[in-house]
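**Q** Provided herewith: start_18.pdb, PDB, C-alpha atoms.
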ATOM      1  CA  MET A   1      -3.843  31.263 -16.696  1.00  0.00           C
ATOM      2  CA  PHE A   2      -1.098  29.323 -18.486  1.00  0.00           C
ATOM      3  CA  VAL A   3       1.025  29.148 -15.311  1.00  0.00           C
ATOM      4  CA  LYS A   4      -1.939  27.774 -13.341  1.00  0.00           C
ATOM      5  CA  LEU A   5      -2.532  25.130 -15.986  1.00  0.00           C
ATOM      6  CA  ILE A   6       1.109  24.047 -15.824  1.00  0.00           C
ATOM      7  CA  MET A   7       0.982  23.975 -12.003  1.00  0.00           C
ATOM      8  CA  TYR A   8      -2.198  21.866 -11.977  1.00  0.00           C
ATOM      9  CA  GLY A   9      -0.697  19.533 -14.569  1.00  0.00           C
ATOM     10  CA  LEU A  10       2.458  19.171 -12.487  1.00  0.00           C
ATOM     11  CA  LEU A  11       0.429  18.460  -9.342  1.00  0.00           C
ATOM     12  CA  LEU A  12      -1.638  15.856 -11.178  1.00  0.00           C
ATOM     13  CA  TRP A  13       1.496  14.198 -12.540  1.00  0.00           C
ATOM     14  CA  LEU A  14       3.079  14.200  -9.064  1.00  0.00           C
ATOM     15  CA  ALA A  15      -0.063  12.645  -7.531  1.00  0.00           C
ATOM     16  CA  VAL A  16      -0.230   9.902 -10.170  1.00  0.00           C
ATOM     17  CA  TRP A  17       3.514   9.225  -9.916  1.00  0.00           C
ATOM     18  CA  GLY A  18       3.337   9.104  -6.114  1.00  0.00           C
ATOM     19  CA  TYR A  19       0.377   6.734  -6.134  1.00  0.00           C
ATOM     20  CA  ARG A  20       2.110   4.402  -8.597  1.00  0.00           C
ATOM     21  CA  GLN A  21       5.257   4.419  -6.455  1.00  0.00           C
ATOM     22  CA  TYR A  22       3.175   3.652  -3.362  1.00  0.00           C
ATOM     23  CA  GLN A  23       1.369   0.756  -5.058  1.00  0.00           C
ATOM     24  CA  GLN A  24       4.415  -0.863  -6.668  1.00  0.00           C
ATOM     25  CA  PRO A  25       5.846  -3.780  -4.724  1.00  0.00           C
ATOM     26  CA  SER A  26       9.553  -3.519  -4.127  1.00  0.00           C
ATOM     27  CA  ALA A  27      12.139  -6.057  -5.161  1.00  0.00           C
ATOM     28  CA  ARG A  28      14.493  -5.312  -2.221  1.00  0.00           C
ATOM     29  CA  VAL A  29      13.546  -8.540  -0.476  1.00  0.00           C
ATOM     30  CA  SER A  30      11.899 -11.702  -1.708  1.00  0.00           C
ATOM     31  CA  VAL A  31      10.598 -15.011  -0.429  1.00  0.00           C
ATOM     32  CA  GLY A  32      13.493 -17.279   0.521  1.00  0.00           C
ATOM     33  CA  MET A  33      15.838 -14.432   1.478  1.00  0.00           C
ATOM     34  CA  LYS A  34      17.194 -13.889   4.966  1.00  0.00           C
ATOM     35  CA  ALA A  35      15.069 -11.177   6.597  1.00  0.00           C
ATOM     36  CA  PRO A  36      17.065  -7.977   7.200  1.00  0.00           C
ATOM     37  CA  ASP A  37      17.815  -7.602  10.908  1.00  0.00           C
ATOM     38  CA  PHE A  38      17.075  -4.315  12.643  1.00  0.00           C
ATOM     39  CA  THR A  39      17.177  -2.529  15.968  1.00  0.00           C
ATOM     40  CA  LEU A  40      14.239  -0.226  16.712  1.00  0.00           C
ATOM     41  CA  GLN A  41      12.570   1.167  19.816  1.00  0.00           C
ATOM     42  CA  ASP A  42       9.188  -0.164  20.884  1.00  0.00           C
ATOM     43  CA  ALA A  43       6.356   1.865  22.432  1.00  0.00           C
ATOM     44  CA  GLN A  44       8.050   1.668  25.848  1.00  0.00           C
ATOM     45  CA  GLY A  45      11.365   2.938  24.460  1.00  0.00           C
ATOM     46  CA  GLU A  46      13.107  -0.454  24.698  1.00  0.00           C
ATOM     47  CA  LYS A  47      15.399  -1.466  21.839  1.00  0.00           C
ATOM     48  CA  ARG A  48      14.151  -4.535  20.000  1.00  0.00           C
ATOM     49  CA  ARG A  49      15.863  -6.600  17.310  1.00  0.00           C
ATOM     50  CA  LEU A  50      14.356  -9.050  14.876  1.00  0.00           C
ATOM     51  CA  THR A  51      16.685 -11.673  16.341  1.00  0.00           C
ATOM     52  CA  ASP A  52      14.834 -11.277  19.679  1.00  0.00           C
ATOM     53  CA  TRP A  53      12.150 -13.480  18.113  1.00  0.00           C
ATOM     54  CA  GLN A  54      14.507 -16.046  16.564  1.00  0.00           C
ATOM     55  CA  GLY A  55      13.030 -19.546  16.773  1.00  0.00           C
ATOM     56  CA  LYS A  56       9.462 -18.260  16.302  1.00  0.00           C
ATOM     57  CA  TRP A  57       7.367 -17.374  13.308  1.00  0.00           C
ATOM     58  CA  VAL A  58       7.160 -13.586  12.971  1.00  0.00           C
ATOM     59  CA  VAL A  59       4.394 -11.572  11.341  1.00  0.00           C
ATOM     60  CA  LEU A  60       6.184  -8.293  10.600  1.00  0.00           C
ATOM     61  CA  TYR A  61       3.681  -5.783   9.332  1.00  0.00           C
ATOM     62  CA  PHE A  62       4.402  -2.277   8.114  1.00  0.00           C
ATOM     63  CA  TYR A  63       1.601   0.269   8.246  1.00  0.00           C
ATOM     64  CA  PRO A  64       1.312   3.935   7.282  1.00  0.00           C
ATOM     65  CA  LYS A  65       0.158   5.838  10.391  1.00  0.00           C
ATOM     66  CA  ASP A  66      -0.996   5.311  13.967  1.00  0.00           C
ATOM     67  CA  ASP A  67      -4.668   5.952  14.697  1.00  0.00           C
ATOM     68  CA  THR A  68      -5.849   6.227  11.099  1.00  0.00           C
ATOM     69  CA  PRO A  69      -8.898   4.157  10.082  1.00  0.00           C
ATOM     70  CA  GLY A  70      -7.180   1.426   8.032  1.00  0.00           C
ATOM     71  CA  CYS A  71      -4.221   1.101  10.376  1.00  0.00           C
ATOM     72  CA  THR A  72      -6.474   0.920  13.422  1.00  0.00           C
ATOM     73  CA  LYS A  73      -8.621  -1.731  11.748  1.00  0.00           C
ATOM     74  CA  GLU A  74      -5.574  -3.828  10.838  1.00  0.00           C
ATOM     75  CA  ALA A  75      -4.029  -3.539  14.325  1.00  0.00           C
ATOM     76  CA  CYS A  76      -7.322  -4.385  16.049  1.00  0.00           C
ATOM     77  CA  HIS A  77      -7.826  -7.453  13.839  1.00  0.00           C
ATOM     78  CA  PHE A  78      -4.359  -8.670  14.823  1.00  0.00           C
ATOM     79  CA  ARG A  79      -5.243  -7.905  18.466  1.00  0.00           C
ATOM     80  CA  ASP A  80      -8.492  -9.866  18.245  1.00  0.00           C
ATOM     81  CA  ASP A  81      -6.764 -12.837  16.573  1.00  0.00           C
ATOM     82  CA  ILE A  82      -3.586 -12.825  18.665  1.00  0.00           C
ATOM     83  CA  GLN A  83      -4.467 -16.025  20.570  1.00  0.00           C
ATOM     84  CA  GLN A  84      -4.805 -17.971  17.317  1.00  0.00           C
ATOM     85  CA  ILE A  85      -1.561 -16.474  16.036  1.00  0.00           C
ATOM     86  CA  HIS A  86       0.284 -17.355  19.261  1.00  0.00           C
ATOM     87  CA  ALA A  87      -1.166 -20.888  19.139  1.00  0.00           C
ATOM     88  CA  LEU A  88       0.626 -21.264  15.789  1.00  0.00           C
ATOM     89  CA  GLY A  89       3.938 -20.274  17.389  1.00  0.00           C
ATOM     90  CA  ALA A  90       3.989 -16.801  15.862  1.00  0.00           C
ATOM     91  CA  GLU A  91       4.455 -13.259  17.116  1.00  0.00           C
ATOM     92  CA  VAL A  92       3.101 -10.056  15.585  1.00  0.00           C
ATOM     93  CA  ILE A  93       5.264  -6.943  15.253  1.00  0.00           C
ATOM     94  CA  GLY A  94       3.981  -3.656  13.832  1.00  0.00           C
ATOM     95  CA  VAL A  95       6.309  -1.060  12.286  1.00  0.00           C
ATOM     96  CA  SER A  96       5.666   2.469  11.045  1.00  0.00           C
ATOM     97  CA  VAL A  97       7.619   5.706  10.758  1.00  0.00           C
ATOM     98  CA  ASP A  98       5.688   7.199  13.687  1.00  0.00           C
ATOM     99  CA  THR A  99       7.417   8.081  16.961  1.00  0.00           C
ATOM    100  CA  VAL A 100       7.726   6.015  20.129  1.00  0.00           C
ATOM    101  CA  ALA A 101       5.252   8.375  21.844  1.00  0.00           C
ATOM    102  CA  SER A 102       2.731   7.999  19.018  1.00  0.00           C
ATOM    103  CA  HIS A 103       3.049   4.202  19.207  1.00  0.00           C
ATOM    104  CA  ALA A 104       2.603   4.273  22.991  1.00  0.00           C
ATOM    105  CA  GLY A 105      -0.662   6.212  22.697  1.00  0.00           C
ATOM    106  CA  PHE A 106      -1.948   4.041  19.844  1.00  0.00           C
ATOM    107  CA  ALA A 107      -1.081   0.773  21.622  1.00  0.00           C
ATOM    108  CA  HIS A 108      -2.634   1.937  24.897  1.00  0.00           C
ATOM    109  CA  LYS A 109      -5.802   3.296  23.288  1.00  0.00           C
ATOM    110  CA  HIS A 110      -6.506   0.050  21.413  1.00  0.00           C
ATOM    111  CA  ARG A 111      -5.006  -2.384  23.970  1.00  0.00           C
ATOM    112  CA  LEU A 112      -2.575  -3.842  21.452  1.00  0.00           C
ATOM    113  CA  PRO A 113      -0.818  -6.908  22.919  1.00  0.00           C
ATOM    114  CA  PHE A 114       2.128  -6.863  20.508  1.00  0.00           C
ATOM    115  CA  PRO A 115       5.043  -4.487  19.988  1.00  0.00           C
ATOM    116  CA  LEU A 116       4.873  -1.462  17.731  1.00  0.00           C
ATOM    117  CA  LEU A 117       8.316  -0.375  16.574  1.00  0.00           C
ATOM    118  CA  ALA A 118       9.280   3.186  15.670  1.00  0.00           C
ATOM    119  CA  ASP A 119      11.182   3.396  12.374  1.00  0.00           C
ATOM    120  CA  THR A 120      11.335   7.192  12.457  1.00  0.00           C
ATOM    121  CA  ASN A 121      14.030   7.513   9.795  1.00  0.00           C
ATOM    122  CA  GLY A 122      12.428   4.871   7.542  1.00  0.00           C
ATOM    123  CA  GLN A 123      15.603   2.785   7.209  1.00  0.00           C
ATOM    124  CA  VAL A 124      13.983  -0.529   8.158  1.00  0.00           C
ATOM    125  CA  ALA A 125      10.937   0.035   5.957  1.00  0.00           C
ATOM    126  CA  ASP A 126      13.332   0.922   3.148  1.00  0.00           C
ATOM    127  CA  ALA A 127      15.399  -2.244   3.727  1.00  0.00           C
ATOM    128  CA  TYR A 128      12.205  -4.278   3.367  1.00  0.00           C
ATOM    129  CA  GLY A 129      11.060  -2.303   0.320  1.00  0.00           C
ATOM    130  CA  ALA A 130       8.096  -0.986   2.307  1.00  0.00           C
ATOM    131  CA  LEU A 131       8.906   2.733   2.297  1.00  0.00           C
ATOM    132  CA  PHE A 132       7.114   5.315   0.222  1.00  0.00           C
ATOM    133  CA  ASN A 133       9.354   8.372   0.076  1.00  0.00           C
ATOM    134  CA  LEU A 134       8.190  11.542  -1.623  1.00  0.00           C
ATOM    135  CA  VAL A 135      10.935  14.099  -0.986  1.00  0.00           C
ATOM    136  CA  VAL A 136       9.858  15.571   2.402  1.00  0.00           C
ATOM    137  CA  PHE A 137       7.156  13.004   3.154  1.00  0.00           C
ATOM    138  CA  GLN A 138       7.688   9.345   3.951  1.00  0.00           C
ATOM    139  CA  VAL A 139       5.315   6.636   5.073  1.00  0.00           C
ATOM    140  CA  ALA A 140       5.478   2.868   5.397  1.00  0.00           C
ATOM    141  CA  LYS A 141       3.540   0.985   2.744  1.00  0.00           C
ATOM    142  CA  ARG A 142       0.942  -1.455   4.055  1.00  0.00           C
ATOM    143  CA  THR A 143       3.079  -4.579   3.607  1.00  0.00           C
ATOM    144  CA  THR A 144       3.393  -7.748   5.699  1.00  0.00           C
ATOM    145  CA  PHE A 145       6.200 -10.288   5.886  1.00  0.00           C
ATOM    146  CA  VAL A 146       5.918 -13.734   7.436  1.00  0.00           C
ATOM    147  CA  ILE A 147       9.355 -14.760   8.649  1.00  0.00           C
ATOM    148  CA  ASP A 148      10.085 -18.368   9.578  1.00  0.00           C
ATOM    149  CA  PRO A 149      11.824 -19.458  12.807  1.00  0.00           C
ATOM    150  CA  GLN A 150      15.198 -19.499  11.012  1.00  0.00           C
ATOM    151  CA  GLY A 151      14.819 -15.851   9.952  1.00  0.00           C
ATOM    152  CA  THR A 152      13.933 -16.469   6.299  1.00  0.00           C
ATOM    153  CA  ILE A 153      11.105 -14.616   4.565  1.00  0.00           C
ATOM    154  CA  ALA A 154       8.358 -17.177   3.921  1.00  0.00           C
ATOM    155  CA  GLU A 155       5.583 -14.908   2.540  1.00  0.00           C
ATOM    156  CA  ILE A 156       5.180 -11.300   1.417  1.00  0.00           C
ATOM    157  CA  TYR A 157       1.860  -9.471   1.205  1.00  0.00           C
ATOM    158  CA  SER A 158       1.891  -6.153  -0.686  1.00  0.00           C
ATOM    159  CA  ASN A 159      -0.875  -3.559  -0.833  1.00  0.00           C
ATOM    160  CA  VAL A 160      -2.628  -5.250   2.090  1.00  0.00           C
ATOM    161  CA  ASN A 161      -6.348  -4.803   2.621  1.00  0.00           C
ATOM    162  CA  PRO A 162      -6.828  -4.442   6.412  1.00  0.00           C
ATOM    163  CA  ASP A 163     -10.194  -6.259   6.249  1.00  0.00           C
ATOM    164  CA  GLY A 164      -9.558  -9.949   6.809  1.00  0.00           C
ATOM    165  CA  HIS A 165      -5.768  -9.683   6.592  1.00  0.00           C
ATOM    166  CA  SER A 166      -5.185 -11.360   9.957  1.00  0.00           C
ATOM    167  CA  GLU A 167      -7.352 -14.295   8.826  1.00  0.00           C
ATOM    168  CA  VAL A 168      -5.233 -14.689   5.692  1.00  0.00           C
ATOM    169  CA  ILE A 169      -2.113 -14.662   7.880  1.00  0.00           C
ATOM    170  CA  ILE A 170      -3.573 -17.315  10.215  1.00  0.00           C
ATOM    171  CA  ASN A 171      -4.462 -19.601   7.299  1.00  0.00           C
ATOM    172  CA  ASP A 172      -1.025 -19.174   5.752  1.00  0.00           C
ATOM    173  CA  LEU A 173       0.720 -19.773   9.091  1.00  0.00           C
ATOM    174  CA  LYS A 174      -1.234 -23.040   9.397  1.00  0.00           C
ATOM    175  CA  ARG A 175      -0.085 -24.061   5.922  1.00  0.00           C
ATOM    176  CA  LEU A 176       3.517 -22.925   6.395  1.00  0.00           C
ATOM    177  CA  SER A 177       3.991 -24.427   9.843  1.00  0.00           C
ATOM    178  CA  ALA A 178       2.041 -27.621   8.994  1.00  0.00           C
ATOM    179  CA  PHE A 179      -0.313 -27.274  11.974  1.00  0.00           C
TER     180      PHE A 179
END
So that I can check it, write out the structure of this file as structure tokens.

**A**
Amino acid sequence: MFVKLIMYGLLLWLAVWGYRQYQQPSARVSVGMKAPDFTLQDAQGEKRRLTDWQGKWVVLYFYPKDDTPGCTKEACHFRDDIQQIHALGAEVIGVSVDTVASHAGFAHKHRLPFPLLADTNGQVADAYGALFNLVVFQVAKRTTFVIDPQGTIAEIYSNVNPDGHSEVIINDLKRLSAF
């Protein structure tokens, strides 16, 4: 009985600690800093670098898992608003720790017109402070970065709510780019 009580207490503590770690914004990067460059594979297996989009506004969004309800909602909102985003001179890039194959299926299933990048070892999410790492389990935190055409972080959105997030991004891109 006593051992069970200790085990349940430990599990509860671990759950609360993990949730707090997931919710805390990271101080690895901040507005005004140069965005960390990266090289990751997209859903077609091609290597992509952040510098591939130099000269454009970039909406770099990290998300936990392909084909889960919140991640699907967020991706589909970006898909539905992509024309407005492109009209503002911006590109959308999604990143998670899922595999290239998982991204390919997710992108095809939902007709996503923007690249999904596979950060399978979590190094890029970690560089951006968007990695939740719990020993054997890691996932990207739902965090978005707006990067200006010079490669500087212009806005950071932590603990993103997928409902209406693309609209917030569009409004901020209008403000930031003075359209």

**Q** For the provided coordinates, the residues matched by the PyMOL selection byres ((chain A and resi 170-176) around 9) should be stated as a ChimeraX atom specification.

**A** /A:57,81,84-85,88-90,146,148,154-155,165-169,177-179

**Q** The PyMOL selection byres ((chain A and resi 55) around 6) on the file shown: which residues, as a list in words?

**A**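 With the shown file as input, the PyMOL selection byres ((chain A and resi 55) around 6) matches Gln54, Lys56 and Pro149 of chain A.
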
**Q** Quick one: residues within 12 Å of A:Asp67, all atoms listed in the file counted, chain neighbours fewer than 3 positions away excluded, as a list of chain:residue names?

**A**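 Residues meeting the cut-off are A:Tyr63, A:Pro64, A:Gly70, A:Cys71, A:Thr72, A:Lys73, A:Glu74, A:Ala75, A:Cys76, A:Ser96, A:Asp98, A:Ser102, A:His103, A:Ala104, A:Gly105, A:Phe106, A:Ala107, A:His108, A:Lys109, A:His110.
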
**Q** Once the PyMOL selection byres ((chain A and resi 38) around 12) has been applied to the shown file, what residues remain in the selection, as a list of chain:residue names?

**A**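 For this structure, the PyMOL selection byres ((chain A and resi 38) around 12) resolves to A:Ala35, A:Pro36, A:Asp37, A:Thr39, A:Leu40, A:Gln41, A:Lys47, A:Arg48, A:Arg49, A:Leu50, A:Thr51, A:Asp52, A:Trp53, A:Leu60, A:Val95, A:Leu117, A:Ala118, A:Asp119, A:Gly122, A:Gln123, A:Val124, A:Ala125, A:Asp126, A:Ala127, A:Tyr128.
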
**Q** Find the distance between atom CA of A:Ile93 and atom CA of A:Phe137 and write it in Å to one decimal.

**A**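 If I compute the distance from atom CA of A:Ile93 to atom CA of A:Phe137, I get 23.4 Å.
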
**Q** So how far away is atom CA of A:His86 from atom CA of A:Ser30, in Å?

**A**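 Atom CA of A:His86 lies at a distance of 24.6 Å from atom CA of A:Ser30.
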
**Q** A:Phe78, A:Phe132, A:Phe62, A:Phe114: which is nearest A:Ile156, counting only C-alpha atoms?

**A**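 When distances to A:Ile156 are compared using only C-alpha atoms, the smallest one comes from A:Phe62.
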
**Q** Please compute the atom CA of A:Val58-atom CA of A:Val92 distance, one decimal, in Å.

**A**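 One can read the atom CA of A:Val58 to atom CA of A:Val92 distance as 6.0 Å.
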
**Q** Of the candidates A:Ile82, A:Ala130, A:Val97, A:Val139, which shows the shortest atom-to-atom distance to A:Arg111, using only C-alpha atoms?

**A**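 Between A:Ile82, A:Ala130, A:Val97, A:Val139, the residue approaching A:Arg111 most closely is A:Ile82.
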
**Q** Using all atoms listed in the file, which of the listed residues (A:Ser158, A:Gln83, A:Thr68, A:Thr99) sits closest to A:Asp42?

**A** A:Thr99

**Q** Using all atoms listed in the file, which residue out of A:Thr143, A:Pro115, A:Ile153, A:Asn121 lies closest to A:Ala43?

**A**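 Among the listed residues, A:Pro115 lies closest to A:Ala43.
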